[in-house]
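To start, the structure under review is shown below, and the notes come after it.
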Amino acid sequence: ETLRYEMTIKDHKFTPNILEVPSNAVIKLKITNLDPTIEEFESFDLKREKLVAGSGGKIIVTVGPLKPGEYIFFGEFNPDTAQGKIVVKEKKDA
């Protein structure tokens with residue numbers, strides 16, 4: 001199962017900055033940078049590092065399936081403000 005989410009970078013902040021996703025799913029995260037300057041999506045927890053160009057640049061970051069827990073990410077060039085996390089919740093089988 002692949003789930004798609006979207007996120008923007010504006011004023012050196014990720015929106016939304018907290019993403020709740022189910023466990024056991026592949027996550028495709030589309031990030032659009034609305035700032036004029038380049039940013040880098042970085043996460044030691046997710047082992048991802050990807051540049052996203054300014055002025056409308058877009059990237060796709062694919063992660064998962066992830067175990068329940070919190071996975072921190074940040075903007076390498078603006079780590080004080082560009083912060084967020086992915087919260088993975090245990091998926092309940094129907």
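Letters A, B, ... mark the chains of the structure tokens in the order given; residue numbers begin at 1 per chain; ligand numbers begin at 1, in order shown.
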
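Every protein or nucleic acid residue with an atom no more than 10 Å from Glu76 in chain A, counting only C-alpha atoms and leaving out same-chain residues fewer than 5 positions away, appears here: Ile38, Glu39, Glu40, Phe41, Glu42, Ser43, Glu49, Lys50, Leu51, Ala82 and Gln83 of chain A.
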
Based on the selection just made, write C-alpha atoms of those residues as a compact mmCIF listing (two decimals), in the first residue's frame.
# COMPACT_ATOMS: atom_id res chain seq x y z
CA ILE A 38 17.14 26.23 -1.77
CA GLU A 39 16.40 23.91 1.13
CA GLU A 40 17.39 20.37 1.99
CA PHE A 41 15.01 17.82 3.49
CA GLU A 42 17.15 15.88 5.93
CA SER A 43 16.37 13.12 8.39
CA GLU A 49 18.81 13.79 2.45
CA LYS A 50 17.43 15.56 -0.59
CA LEU A 51 17.81 19.07 -2.01
CA ALA A 82 12.39 24.11 9.45
CA GLN A 83 11.60 21.21 11.73

*For Glu70 in chain A, work out the shell of residues within 12 Å, counting only C-alpha atoms and skipping chain neighbours fewer than 3 positions away, then give it as a list in words.*
Ile18, Leu19, Glu20, Val21, Pro22, Ser23, Ser43, Phe44, Asp45, Leu46, Leu66, Lys67, Phe73, Gly84, Lys85, Ile86, Val87, Val88, Lys89 and Glu90 of chain A

Output all heavy atoms for every residue in that selection, as a short mmCIF file (atom, residue, chain, number, x, y, z; two decimals), in the first residue's frame.
data_model
loop_
_atom_site.label_atom_id
_atom_site.label_comp_id
_atom_site.auth_asym_id
_atom_site.auth_seq_id
_atom_site.Cartn_x
_atom_site.Cartn_y
_atom_site.Cartn_z
N ILE A 18 3.87 18.24 11.30
CA ILE A 18 3.67 16.92 11.90
C ILE A 18 2.75 16.12 10.98
O ILE A 18 1.67 16.59 10.62
CB ILE A 18 3.06 17.01 13.31
CG1 ILE A 18 4.01 17.76 14.24
CG2 ILE A 18 2.76 15.61 13.85
CD1 ILE A 18 3.46 18.03 15.62
N LEU A 19 3.21 14.97 10.56
CA LEU A 19 2.47 14.13 9.63
C LEU A 19 2.18 12.81 10.34
O LEU A 19 3.12 12.14 10.79
CB LEU A 19 3.34 13.88 8.40
CG LEU A 19 2.70 13.53 7.09
CD1 LEU A 19 1.68 14.58 6.68
CD2 LEU A 19 3.76 13.40 6.02
N GLU A 20 0.91 12.46 10.48
CA GLU A 20 0.55 11.18 11.08
C GLU A 20 0.25 10.19 9.98
O GLU A 20 -0.57 10.46 9.10
CB GLU A 20 -0.67 11.35 12.00
CG GLU A 20 -0.34 12.06 13.28
CD GLU A 20 -1.43 11.94 14.32
OE1 GLU A 20 -2.41 11.19 14.12
OE2 GLU A 20 -1.31 12.62 15.35
N VAL A 21 0.95 9.06 10.02
CA VAL A 21 0.79 8.04 8.98
C VAL A 21 0.64 6.67 9.65
O VAL A 21 1.10 6.47 10.77
CB VAL A 21 1.99 8.04 8.01
CG1 VAL A 21 2.20 9.41 7.39
CG2 VAL A 21 3.26 7.57 8.70
N PRO A 22 0.01 5.72 8.95
CA PRO A 22 -0.11 4.37 9.51
C PRO A 22 1.19 3.58 9.31
O PRO A 22 1.95 3.85 8.38
CB PRO A 22 -1.25 3.76 8.70
CG PRO A 22 -1.21 4.47 7.39
CD PRO A 22 -0.73 5.87 7.70
N SER A 23 1.39 2.61 10.19
CA SER A 23 2.55 1.72 10.01
C SER A 23 2.28 0.79 8.82
O SER A 23 1.15 0.70 8.34
CB SER A 23 2.78 0.91 11.29
OG SER A 23 1.66 0.13 11.59
N SER A 43 16.83 13.89 7.24
CA SER A 43 16.37 13.12 8.39
C SER A 43 17.35 12.00 8.67
O SER A 43 17.57 11.14 7.83
CB SER A 43 14.98 12.53 8.13
OG SER A 43 14.63 11.67 9.20
N PHE A 44 17.97 12.07 9.86
CA PHE A 44 18.85 10.97 10.27
C PHE A 44 18.00 9.73 10.56
O PHE A 44 18.39 8.61 10.25
CB PHE A 44 19.66 11.37 11.51
CG PHE A 44 20.53 12.57 11.28
CD1 PHE A 44 20.41 13.69 12.10
CD2 PHE A 44 21.46 12.60 10.26
CE1 PHE A 44 21.21 14.80 11.89
CE2 PHE A 44 22.26 13.72 10.04
CZ PHE A 44 22.13 14.82 10.86
N ASP A 45 16.80 9.96 11.16
CA ASP A 45 15.91 8.85 11.51
C ASP A 45 15.47 8.07 10.27
O ASP A 45 15.37 6.85 10.29
CB ASP A 45 14.67 9.35 12.24
CG ASP A 45 14.99 9.97 13.61
OD1 ASP A 45 16.12 9.77 14.10
OD2 ASP A 45 14.11 10.65 14.17
N LEU A 46 15.19 8.80 9.19
CA LEU A 46 14.69 8.18 7.96
C LEU A 46 15.82 7.86 6.98
O LEU A 46 15.58 7.27 5.93
CB LEU A 46 13.67 9.10 7.28
CG LEU A 46 12.40 9.38 8.08
CD1 LEU A 46 11.64 10.54 7.46
CD2 LEU A 46 11.53 8.14 8.17
N LEU A 66 7.24 1.91 7.75
CA LEU A 66 7.90 2.32 8.99
C LEU A 66 7.24 1.66 10.19
O LEU A 66 6.04 1.40 10.19
CB LEU A 66 7.80 3.84 9.15
CG LEU A 66 8.46 4.68 8.05
CD1 LEU A 66 8.07 6.14 8.21
CD2 LEU A 66 9.97 4.52 8.09
N LYS A 67 8.05 1.41 11.21
CA LYS A 67 7.52 0.90 12.47
C LYS A 67 6.92 2.06 13.25
O LYS A 67 7.31 3.22 13.06
CB LYS A 67 8.66 0.27 13.28
CG LYS A 67 9.21 -1.00 12.66
CD LYS A 67 10.18 -1.68 13.61
CE LYS A 67 10.46 -3.10 13.18
NZ LYS A 67 11.54 -3.22 12.24
N PHE A 73 12.56 15.14 11.07
CA PHE A 73 13.22 15.67 9.87
C PHE A 73 13.41 17.17 10.05
O PHE A 73 12.81 17.78 10.93
CB PHE A 73 12.42 15.35 8.59
CG PHE A 73 11.03 15.93 8.56
CD1 PHE A 73 10.82 17.23 8.13
CD2 PHE A 73 9.93 15.17 8.94
CE1 PHE A 73 9.54 17.77 8.09
CE2 PHE A 73 8.65 15.69 8.90
CZ PHE A 73 8.45 17.00 8.47
N GLY A 84 10.29 19.20 11.72
CA GLY A 84 9.05 18.46 11.71
C GLY A 84 9.27 17.01 12.09
O GLY A 84 10.39 16.60 12.36
N LYS A 85 8.17 16.28 12.11
CA LYS A 85 8.29 14.86 12.40
C LYS A 85 7.16 14.10 11.74
O LYS A 85 6.08 14.64 11.49
CB LYS A 85 8.32 14.60 13.91
CG LYS A 85 7.05 14.96 14.64
CD LYS A 85 7.22 14.74 16.15
CE LYS A 85 6.03 15.25 16.91
NZ LYS A 85 6.19 15.15 18.35
N ILE A 86 7.46 12.84 11.46
CA ILE A 86 6.46 11.91 10.98
C ILE A 86 6.13 11.00 12.16
O ILE A 86 7.03 10.42 12.76
CB ILE A 86 6.99 11.10 9.78
CG1 ILE A 86 7.24 12.04 8.59
CG2 ILE A 86 6.01 10.00 9.39
CD1 ILE A 86 7.86 11.38 7.39
N VAL A 87 4.86 10.96 12.50
CA VAL A 87 4.40 10.11 13.61
C VAL A 87 3.71 8.89 13.00
O VAL A 87 2.72 9.03 12.30
CB VAL A 87 3.42 10.89 14.53
CG1 VAL A 87 2.93 9.98 15.66
CG2 VAL A 87 4.08 12.14 15.09
N VAL A 88 4.28 7.73 13.25
CA VAL A 88 3.75 6.49 12.70
C VAL A 88 2.93 5.79 13.77
O VAL A 88 3.43 5.51 14.86
CB VAL A 88 4.89 5.57 12.19
CG1 VAL A 88 4.32 4.29 11.61
CG2 VAL A 88 5.74 6.30 11.16
N LYS A 89 1.66 5.55 13.45
CA LYS A 89 0.74 4.89 14.39
C LYS A 89 0.52 3.46 13.95
O LYS A 89 0.48 3.17 12.75
CB LYS A 89 -0.59 5.64 14.41
CG LYS A 89 -0.44 7.11 14.69
CD LYS A 89 -1.18 7.48 15.92
CE LYS A 89 -0.93 8.95 16.25
NZ LYS A 89 -1.43 9.32 17.53
N GLU A 90 0.38 2.59 14.92
CA GLU A 90 0.10 1.17 14.63
C GLU A 90 -1.19 1.08 13.83
O GLU A 90 -2.21 1.64 14.20
CB GLU A 90 -0.06 0.40 15.95
CG GLU A 90 -0.19 -1.08 15.77
CD GLU A 90 1.11 -1.73 15.30
OE1 GLU A 90 2.13 -1.58 15.98
OE2 GLU A 90 1.07 -2.38 14.26
#

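Counting from CA of Thr8 in chain A, the distance to CA of Lys91 in chain A is 25.9 Å.
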
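Using only C-alpha atoms for every distance, the candidate list A:Asp80, A:Asn33, A:Ser55, A:Thr62 yields A:Asn33 as the residue closest to Lys10 in chain A.
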
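Each of A:Val52, A:Glu1, A:Ile59, A:Lys13 was compared to Ala25 in chain A using only C-alpha atoms, and A:Glu1 turns out to be the nearest.
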
*DSSP-assigned strand (DSSP E or B) among chain A, expressed as an MDAnalysis selection string*: chainID A and resid 2:10 13:15 18:22 26:33 39:43 48:52 57:63 69:75 83:89

*Can you list, as a ChimeraX atom specification, every protein, DNA or RNA residue that comes within 7 Å of Ile9 in chain A when you count only C-alpha atoms, leaving out same-chain residues fewer than 4 positions away?*
/A:13-15,32-35

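If you look at CA of Lys58 in chain A and CA of Thr37 in chain A, they are 12.7 Å away from each other.
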
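Contact shell of Val26 in chain A at 6 Å (only C-alpha atoms; same-chain neighbours under 4 positions omitted): Thr2, Val63, Gly64 and Pro65 of chain A.
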
Once you have the residues from the selection above, write them out as a PDB file, in the first residue's frame, restricted to N, CA, C and O atoms.
ATOM      1  N   THR A   2       0.636   2.150  -0.934  1.00  0.00           N
ATOM      2  CA  THR A   2       1.393   3.400  -1.013  1.00  0.00           C
ATOM      3  C   THR A   2       0.457   4.568  -0.721  1.00  0.00           C
ATOM      4  O   THR A   2      -0.596   4.699  -1.345  1.00  0.00           O
ATOM      5  N   VAL A  63       9.547   6.765   1.749  1.00  0.00           N
ATOM      6  CA  VAL A  63      10.029   6.068   2.932  1.00  0.00           C
ATOM      7  C   VAL A  63       9.041   4.958   3.289  1.00  0.00           C
ATOM      8  O   VAL A  63       7.904   4.960   2.841  1.00  0.00           O
ATOM      9  N   GLY A  64       9.494   4.063   4.127  1.00  0.00           N
ATOM     10  CA  GLY A  64       8.594   3.046   4.654  1.00  0.00           C
ATOM     11  C   GLY A  64       8.721   1.730   3.919  1.00  0.00           C
ATOM     12  O   GLY A  64       9.485   1.607   2.980  1.00  0.00           O
ATOM     13  N   PRO A  65       7.954   0.760   4.422  1.00  0.00           N
ATOM     14  CA  PRO A  65       7.060   0.851   5.577  1.00  0.00           C
ATOM     15  C   PRO A  65       7.852   1.121   6.859  1.00  0.00           C
ATOM     16  O   PRO A  65       8.963   0.635   7.011  1.00  0.00           O
TER      17      PRO A  65
END

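In this model, the gap between CA of Ile31 in chain A and CA of Asn17 in chain A comes to 11.5 Å.
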
*Determine the nearest neighbour of Lys28 in chain A from the options A:Leu3, A:Tyr71, A:Thr81, A:Gly54, counting only C-alpha atoms.*
A:Leu3
